[in-house]
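Okay, structure first, notes after.
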Amino acid sequence: MRARIIRSSQRNFDCRLSTGEVVVATAKGNLLKNDESLVVGDFVTLTLEQNYIITEREDRSSEIFRVLIREARRKVTAANCDVLFIVTSVSKPAFKRGIIDRFLVRAHQWGIPAHIIFNKMDEHDPETVDLNFEADRLSSLGVRCFELSALEPAYAPRFLADGPNELRSILKGKTAILLGQSGVGKSSTINFLSTKGEVNLKTQAVGRAGKGSHTTTWSEVIDMGEFDLIDSPGIRSLSLDDINPTELLSYFPDLEQIATTCKFSNCAHEPSSQGCGFNELGGSRREQELVMSRLESYHRILEEASSTPQWAKKV
Ligand SMILES: Nc1nc2c(ncn2[C@@H]2O[C@H](COP(=O)(O)OP(=O)(O)OP(=O)(O)O)[C@@H](O)[C@H]2O)c(=O)[nH]1
Ligand SMILES: [Mg+2]
Ligand SMILES: [Zn+2]
């Protein structure tokens with residue numbers, strides 16, 4: 001019978017059957033040869049002997065992974081996600097634009113469409129985070145931005161077109177994974193989206209320094225009725241040192257397009273670069289700032305990606 005892995009711990013897998021019932025299964029030995037070969041989100045075939053055994057894993061439509069350069073392999077942490085939501089907080093932890101751009105690079109690498117959730121809008125200070133600026137700088141990428149307060153069910157968007165209702169409507173029939181720093185409210189957002197309150201994931205206050213408490217420790221699939229959400233542990237920092245620097249610009253399609261206007265194909269896109277398209281941007285001052293803020297992220301990540309030797313990245 002067909003099932004979906006919703007949690008895993010060492011060699012035991014919690015699997016959800018089509019009836020909604022959750023059973024514990026172990027896996028046939030050959031499925032665990034590489035220790036990451038069964039992950040949350042995988043669809044599998046189960047047989048019932050003395051207990052449930054996973055005999056087969058279906059091909060994946062997508063993988064959330066990271067390249068372990070020292071071990072020259074991919075570490076997959078979740079499978080079959082249709083869309084990913086980068087959850088950010090506009091209060092504590094402090095909003096970090098760079099993290100959004102980093103996750104967008106990953107989303108491109110994984111081939112999964114990404115959207116942003118601006119959470120904790122009940123504590124928003126317009127002087128600190130300009131939501132319209134943040135949304136406009138990503139609009140050409142097809143990234144949608146949702147504003148919400150996971151603790152205030154009635155919160156209606158004040159700055160952007162999309163709020164909780166639009167979020168619910170694009171989730172129907174899909175599997176979405178929530179990613180972001182610890183304490184931004186990933187688990188709270190999932191609790192909030194369960195309209196009947198049937199989901200009650202553990203959450204924990206952000207510490208004095210504005211840092212999350214790393215409350216969620218393992219990824220798991222949450223059955224939301226009309227859709228599946230994957231809760232994930234908050235990250236400390238999102239390293240991109242496994243990215244090939246020569247490919248980085250292709251993960252910034254908005255910048256890549258402008259770069260085609262640079263006079264030299266090996267242009268470094270620095271303020272001193274001759275004939276660089278980024279130094280001759282048209283449009284309003286604000287439009288230029290939107291682009292330059294993306295270019296700044298690109299340069300930061302490029303520096304990091306260039307600090308790791310190339311031979312280490314052939315995975
Ligand atoms: N004011 C306010 N607080 C919120 C909101 N959403 C979440 N919080 C609080 O922020 C804290 C962290 O929320 P969590 O849902 O545990 O955050 P998380 O992203 O799941 O964190 P990790 O599991 O550690 O990665 C909790 O104390 C929540 O009550 C919100 O919209 N407004
Ligand atoms: Mg959590
Ligand atoms: Zn250039």
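Numbering starts fresh at 1 for the residues of each chain in the structure tokens, the chains themselves are lettered A, B, ... in the order given, and ligands are numbered from 1 as they appear.
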> Would you give me, as a PyMOL selection string, the residues in segment 27-248 of chain A that DSSP reads as helix (DSSP H, G or I)?
Replying inline: chain A and resi 29-32+97-110+121-123+131-136+139-141+164-171+186-193+248
For those residues, write C-alpha atoms to a file as a PDB file, in the first residue's frame.
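Output saved as out.pdb:
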```pdb
ATOM      1  CA  GLY A  29      17.922  -2.881   3.957  1.00  0.00           C
ATOM      2  CA  ASN A  30      18.734  -1.792   0.399  1.00  0.00           C
ATOM      3  CA  LEU A  31      16.688   1.404   0.826  1.00  0.00           C
ATOM      4  CA  LEU A  32      19.018   2.666   3.531  1.00  0.00           C
ATOM      5  CA  ARG A  97      17.182  40.654   3.827  1.00  0.00           C
ATOM      6  CA  GLY A  98      20.316  38.640   3.065  1.00  0.00           C
ATOM      7  CA  ILE A  99      18.721  35.443   4.346  1.00  0.00           C
ATOM      8  CA  ILE A 100      15.879  35.821   1.840  1.00  0.00           C
ATOM      9  CA  ASP A 101      18.326  36.143  -1.048  1.00  0.00           C
ATOM     10  CA  ARG A 102      20.266  33.144   0.219  1.00  0.00           C
ATOM     11  CA  PHE A 103      17.179  30.969   0.376  1.00  0.00           C
ATOM     12  CA  LEU A 104      16.188  32.153  -3.106  1.00  0.00           C
ATOM     13  CA  VAL A 105      19.525  30.859  -4.389  1.00  0.00           C
ATOM     14  CA  ARG A 106      18.764  27.491  -2.818  1.00  0.00           C
ATOM     15  CA  ALA A 107      15.235  27.502  -4.219  1.00  0.00           C
ATOM     16  CA  HIS A 108      16.703  27.947  -7.723  1.00  0.00           C
ATOM     17  CA  GLN A 109      19.215  25.209  -7.108  1.00  0.00           C
ATOM     18  CA  TRP A 110      16.427  22.880  -5.939  1.00  0.00           C
ATOM     19  CA  MET A 121       3.252  41.985  11.614  1.00  0.00           C
ATOM     20  CA  ASP A 122       1.526  42.827  14.916  1.00  0.00           C
ATOM     21  CA  GLU A 123       4.966  44.084  16.030  1.00  0.00           C
ATOM     22  CA  LEU A 131       7.571  45.831   3.203  1.00  0.00           C
ATOM     23  CA  ASN A 132       6.878  47.422  -0.166  1.00  0.00           C
ATOM     24  CA  PHE A 133      10.575  47.787  -0.882  1.00  0.00           C
ATOM     25  CA  GLU A 134      11.203  44.159   0.109  1.00  0.00           C
ATOM     26  CA  ALA A 135       8.348  42.921  -2.072  1.00  0.00           C
ATOM     27  CA  ASP A 136       9.181  45.122  -5.066  1.00  0.00           C
ATOM     28  CA  SER A 139       8.551  41.063  -7.941  1.00  0.00           C
ATOM     29  CA  SER A 140      10.282  40.324 -11.258  1.00  0.00           C
ATOM     30  CA  LEU A 141      11.178  36.867  -9.912  1.00  0.00           C
ATOM     31  CA  PRO A 164      -3.437  34.875   5.172  1.00  0.00           C
ATOM     32  CA  ASN A 165      -6.410  34.233   2.874  1.00  0.00           C
ATOM     33  CA  GLU A 166      -4.294  34.329  -0.291  1.00  0.00           C
ATOM     34  CA  LEU A 167      -1.743  32.120   1.439  1.00  0.00           C
ATOM     35  CA  ARG A 168      -4.346  29.475   2.224  1.00  0.00           C
ATOM     36  CA  SER A 169      -5.711  29.543  -1.305  1.00  0.00           C
ATOM     37  CA  ILE A 170      -2.375  28.865  -3.024  1.00  0.00           C
ATOM     38  CA  LEU A 171      -1.660  25.936  -0.700  1.00  0.00           C
ATOM     39  CA  LYS A 186       7.424  28.656  11.273  1.00  0.00           C
ATOM     40  CA  SER A 187       5.667  26.337  13.717  1.00  0.00           C
ATOM     41  CA  SER A 188       3.367  29.168  14.862  1.00  0.00           C
ATOM     42  CA  THR A 189       2.384  29.814  11.233  1.00  0.00           C
ATOM     43  CA  ILE A 190       1.479  26.154  10.765  1.00  0.00           C
ATOM     44  CA  ASN A 191      -0.626  26.207  13.955  1.00  0.00           C
ATOM     45  CA  PHE A 192      -2.295  29.377  12.704  1.00  0.00           C
ATOM     46  CA  LEU A 193      -3.092  27.862   9.286  1.00  0.00           C
ATOM     47  CA  LEU A 248      25.886  31.966  -9.050  1.00  0.00           C
TER      48      LEU A 248
END
```
Give me the residues of chain A that have any atom at most 9 Å from an atom of ligand 3; for each, the nearest atom pair and the distance in Å, rounded to one decimal. Use only C-alpha atoms and all ligand atoms, sort by chain and number, and format it as a tab-separated table.
```
residue	atom	partner	partner_atom_place_in_ligand_line	distance
A:Ile258	CA	ligand 3	1 (Zn)	8.0
A:Ala259	CA	ligand 3	1 (Zn)	5.4
A:Thr260	CA	ligand 3	1 (Zn)	8.1
A:Thr261	CA	ligand 3	1 (Zn)	7.6
A:Cys262	CA	ligand 3	1 (Zn)	4.6
A:Lys263	CA	ligand 3	1 (Zn)	7.4
A:Phe264	CA	ligand 3	1 (Zn)	7.4
A:Ser265	CA	ligand 3	1 (Zn)	8.0
A:Asn266	CA	ligand 3	1 (Zn)	8.0
A:Cys267	CA	ligand 3	1 (Zn)	4.6
A:Ala268	CA	ligand 3	1 (Zn)	5.6
A:His269	CA	ligand 3	1 (Zn)	3.5
A:Glu270	CA	ligand 3	1 (Zn)	6.8
A:Pro271	CA	ligand 3	1 (Zn)	8.8
A:Ser273	CA	ligand 3	1 (Zn)	6.6
A:Gln274	CA	ligand 3	1 (Zn)	7.9
A:Gly275	CA	ligand 3	1 (Zn)	7.0
A:Cys276	CA	ligand 3	1 (Zn)	3.6
A:Gly277	CA	ligand 3	1 (Zn)	5.1
A:Phe278	CA	ligand 3	1 (Zn)	5.8
A:Asn279	CA	ligand 3	1 (Zn)	7.6
```
Selection above as a file: N, CA and C atoms, as a PDB file, in the first residue's frame:
```pdb
ATOM      1  N   ILE A 258      20.325  41.865 -16.551  1.00  0.00           N
ATOM      2  CA  ILE A 258      21.018  43.161 -16.640  1.00  0.00           C
ATOM      3  C   ILE A 258      22.467  42.950 -17.073  1.00  0.00           C
ATOM      4  N   ALA A 259      23.060  41.860 -16.592  1.00  0.00           N
ATOM      5  CA  ALA A 259      24.471  41.593 -16.894  1.00  0.00           C
ATOM      6  C   ALA A 259      24.710  41.374 -18.389  1.00  0.00           C
ATOM      7  N   THR A 260      23.651  41.031 -19.130  1.00  0.00           N
ATOM      8  CA  THR A 260      23.836  40.847 -20.579  1.00  0.00           C
ATOM      9  C   THR A 260      24.163  42.175 -21.250  1.00  0.00           C
ATOM     10  N   THR A 261      23.896  43.288 -20.556  1.00  0.00           N
ATOM     11  CA  THR A 261      24.194  44.597 -21.155  1.00  0.00           C
ATOM     12  C   THR A 261      25.609  45.080 -20.809  1.00  0.00           C
ATOM     13  N   CYS A 262      26.331  44.324 -19.967  1.00  0.00           N
ATOM     14  CA  CYS A 262      27.698  44.735 -19.624  1.00  0.00           C
ATOM     15  C   CYS A 262      28.576  44.614 -20.871  1.00  0.00           C
ATOM     16  N   LYS A 263      29.528  45.544 -21.008  1.00  0.00           N
ATOM     17  CA  LYS A 263      30.363  45.593 -22.208  1.00  0.00           C
ATOM     18  C   LYS A 263      31.267  44.369 -22.319  1.00  0.00           C
ATOM     19  N   PHE A 264      31.790  43.925 -21.172  1.00  0.00           N
ATOM     20  CA  PHE A 264      32.712  42.786 -21.192  1.00  0.00           C
ATOM     21  C   PHE A 264      32.054  41.569 -20.555  1.00  0.00           C
ATOM     22  N   SER A 265      32.255  40.403 -21.189  1.00  0.00           N
ATOM     23  CA  SER A 265      31.565  39.213 -20.685  1.00  0.00           C
ATOM     24  C   SER A 265      32.131  38.752 -19.344  1.00  0.00           C
ATOM     25  N   ASN A 266      33.358  39.161 -19.035  1.00  0.00           N
ATOM     26  CA  ASN A 266      33.914  38.772 -17.734  1.00  0.00           C
ATOM     27  C   ASN A 266      33.766  39.899 -16.702  1.00  0.00           C
ATOM     28  N   CYS A 267      32.789  40.765 -16.924  1.00  0.00           N
ATOM     29  CA  CYS A 267      32.580  41.927 -16.046  1.00  0.00           C
ATOM     30  C   CYS A 267      32.393  41.484 -14.594  1.00  0.00           C
ATOM     31  N   ALA A 268      33.029  42.198 -13.688  1.00  0.00           N
ATOM     32  CA  ALA A 268      32.913  41.861 -12.258  1.00  0.00           C
ATOM     33  C   ALA A 268      31.752  42.594 -11.591  1.00  0.00           C
ATOM     34  N   HIS A 269      31.070  43.471 -12.334  1.00  0.00           N
ATOM     35  CA  HIS A 269      29.922  44.225 -11.824  1.00  0.00           C
ATOM     36  C   HIS A 269      30.264  45.002 -10.546  1.00  0.00           C
ATOM     37  N   GLU A 270      31.436  45.602 -10.560  1.00  0.00           N
ATOM     38  CA  GLU A 270      31.858  46.451  -9.433  1.00  0.00           C
ATOM     39  C   GLU A 270      31.656  47.912  -9.864  1.00  0.00           C
ATOM     40  N   PRO A 271      31.605  48.841  -8.877  1.00  0.00           N
ATOM     41  CA  PRO A 271      31.449  50.255  -9.252  1.00  0.00           C
ATOM     42  C   PRO A 271      32.545  50.728 -10.206  1.00  0.00           C
ATOM     43  N   SER A 273      33.920  48.849 -12.567  1.00  0.00           N
ATOM     44  CA  SER A 273      33.952  48.069 -13.814  1.00  0.00           C
ATOM     45  C   SER A 273      33.512  48.917 -15.001  1.00  0.00           C
ATOM     46  N   GLN A 274      34.359  48.918 -16.023  1.00  0.00           N
ATOM     47  CA  GLN A 274      34.051  49.725 -17.219  1.00  0.00           C
ATOM     48  C   GLN A 274      32.906  49.138 -18.012  1.00  0.00           C
ATOM     49  N   GLY A 275      31.968  49.967 -18.420  1.00  0.00           N
ATOM     50  CA  GLY A 275      30.861  49.515 -19.275  1.00  0.00           C
ATOM     51  C   GLY A 275      29.910  48.555 -18.576  1.00  0.00           C
ATOM     52  N   CYS A 276      29.916  48.561 -17.246  1.00  0.00           N
ATOM     53  CA  CYS A 276      29.056  47.631 -16.507  1.00  0.00           C
ATOM     54  C   CYS A 276      27.607  48.127 -16.517  1.00  0.00           C
ATOM     55  N   GLY A 277      26.696  47.242 -16.863  1.00  0.00           N
ATOM     56  CA  GLY A 277      25.277  47.585 -16.937  1.00  0.00           C
ATOM     57  C   GLY A 277      24.717  48.091 -15.614  1.00  0.00           C
ATOM     58  N   PHE A 278      25.284  47.624 -14.516  1.00  0.00           N
ATOM     59  CA  PHE A 278      24.770  48.030 -13.206  1.00  0.00           C
ATOM     60  C   PHE A 278      25.160  49.471 -12.862  1.00  0.00           C
ATOM     61  N   ASN A 279      26.169  49.987 -13.546  1.00  0.00           N
ATOM     62  CA  ASN A 279      26.550  51.382 -13.306  1.00  0.00           C
ATOM     63  C   ASN A 279      25.797  52.337 -14.224  1.00  0.00           C
TER      64      ASN A 279
END
```
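Shell of Val184 of chain A at 7 Å, with only C-alpha atoms counted and residues fewer than 6 places along the chain excluded, is Val87, Thr88, Ser89 and Pro93 of chain A.
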>> Restricting the calculation to only C-alpha atoms: of A:Val67, A:Ser232, A:Ala79, A:Ala176, which residue gets closest to Leu201 of chain A?
In response: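 Of A:Val67, A:Ser232, A:Ala79, A:Ala176, the one nearest Leu201 of chain A is A:Ser232, counting only C-alpha atoms.
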>> Can you pull out every residue with an atom within 7 Å of ligand 2? Use only C-alpha atoms and all ligand atoms and format it as a PyMOL selection string.
In response: chain A and resi 182+185-187+202-203+214-216+231-234
> Which of segment 192-308 of chain A counts as strand (DSSP E) under DSSP, as a list of chain:residue names please?
Replying inline: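 Strand (DSSP E) members of segment 192-308 of chain A, listed: A:Glu220, A:Val221, A:Ile222, A:Asp223, A:Asp228, A:Leu229, A:Ile230, A:Asp231.
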>> Just want the 6 Å neighbourhood of Gly210 of chain A, counted on only C-alpha atoms, with same-chain residues fewer than 3 positions away dropped. Output as a list in words.
In response: Lys92, Pro93, Val206 and Gly207 of chain A
> So which residues touch Val44 of chain A within 6 Å, counting only C-alpha atoms, skipping near sequence neighbours fewer than 4 positions away, as a list in words?
Replying inline: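 My list of contacting residues is Arg2, Ala3, Glu56, Arg57 and Glu58 of chain A.
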>> Report as a list in words all protein, DNA and RNA residues lying within 10 Å of Leu46 of chain A, evaluated on only C-alpha atoms, omitting residues in the same chain fewer than 2 positions from it.
In response: Met1, Arg2, Ala3, Arg4, Cys15, Leu17, Ala25, Thr26, Ala27, Phe43, Val44, Leu48, Glu49, Asn51, Tyr52, Ile53, Ile54, Thr55, Glu56 and Arg57 of chain A
>> Set the distance at 9 Å and use only C-alpha atoms: which residues neighbour Glu304 of chain A once local chain neighbours fewer than 6 positions away are removed? I'd like the list as a ChimeraX atom specification.
In response: /A:239-241,243,245
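With distances restricted to only C-alpha atoms, A:Asp82 is the closest residue to Glu63 of chain A from A:Glu220, A:Glu147, A:Glu21, A:Asp82.
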> Using only C-alpha atoms and all ligand atoms, which of A:Arg16, A:Arg73, A:Lys120, A:His115 sits nearest ligand 1?
Replying inline: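 Of A:Arg16, A:Arg73, A:Lys120, A:His115, the one nearest ligand 1 is A:Lys120, counting only C-alpha atoms and all ligand atoms.
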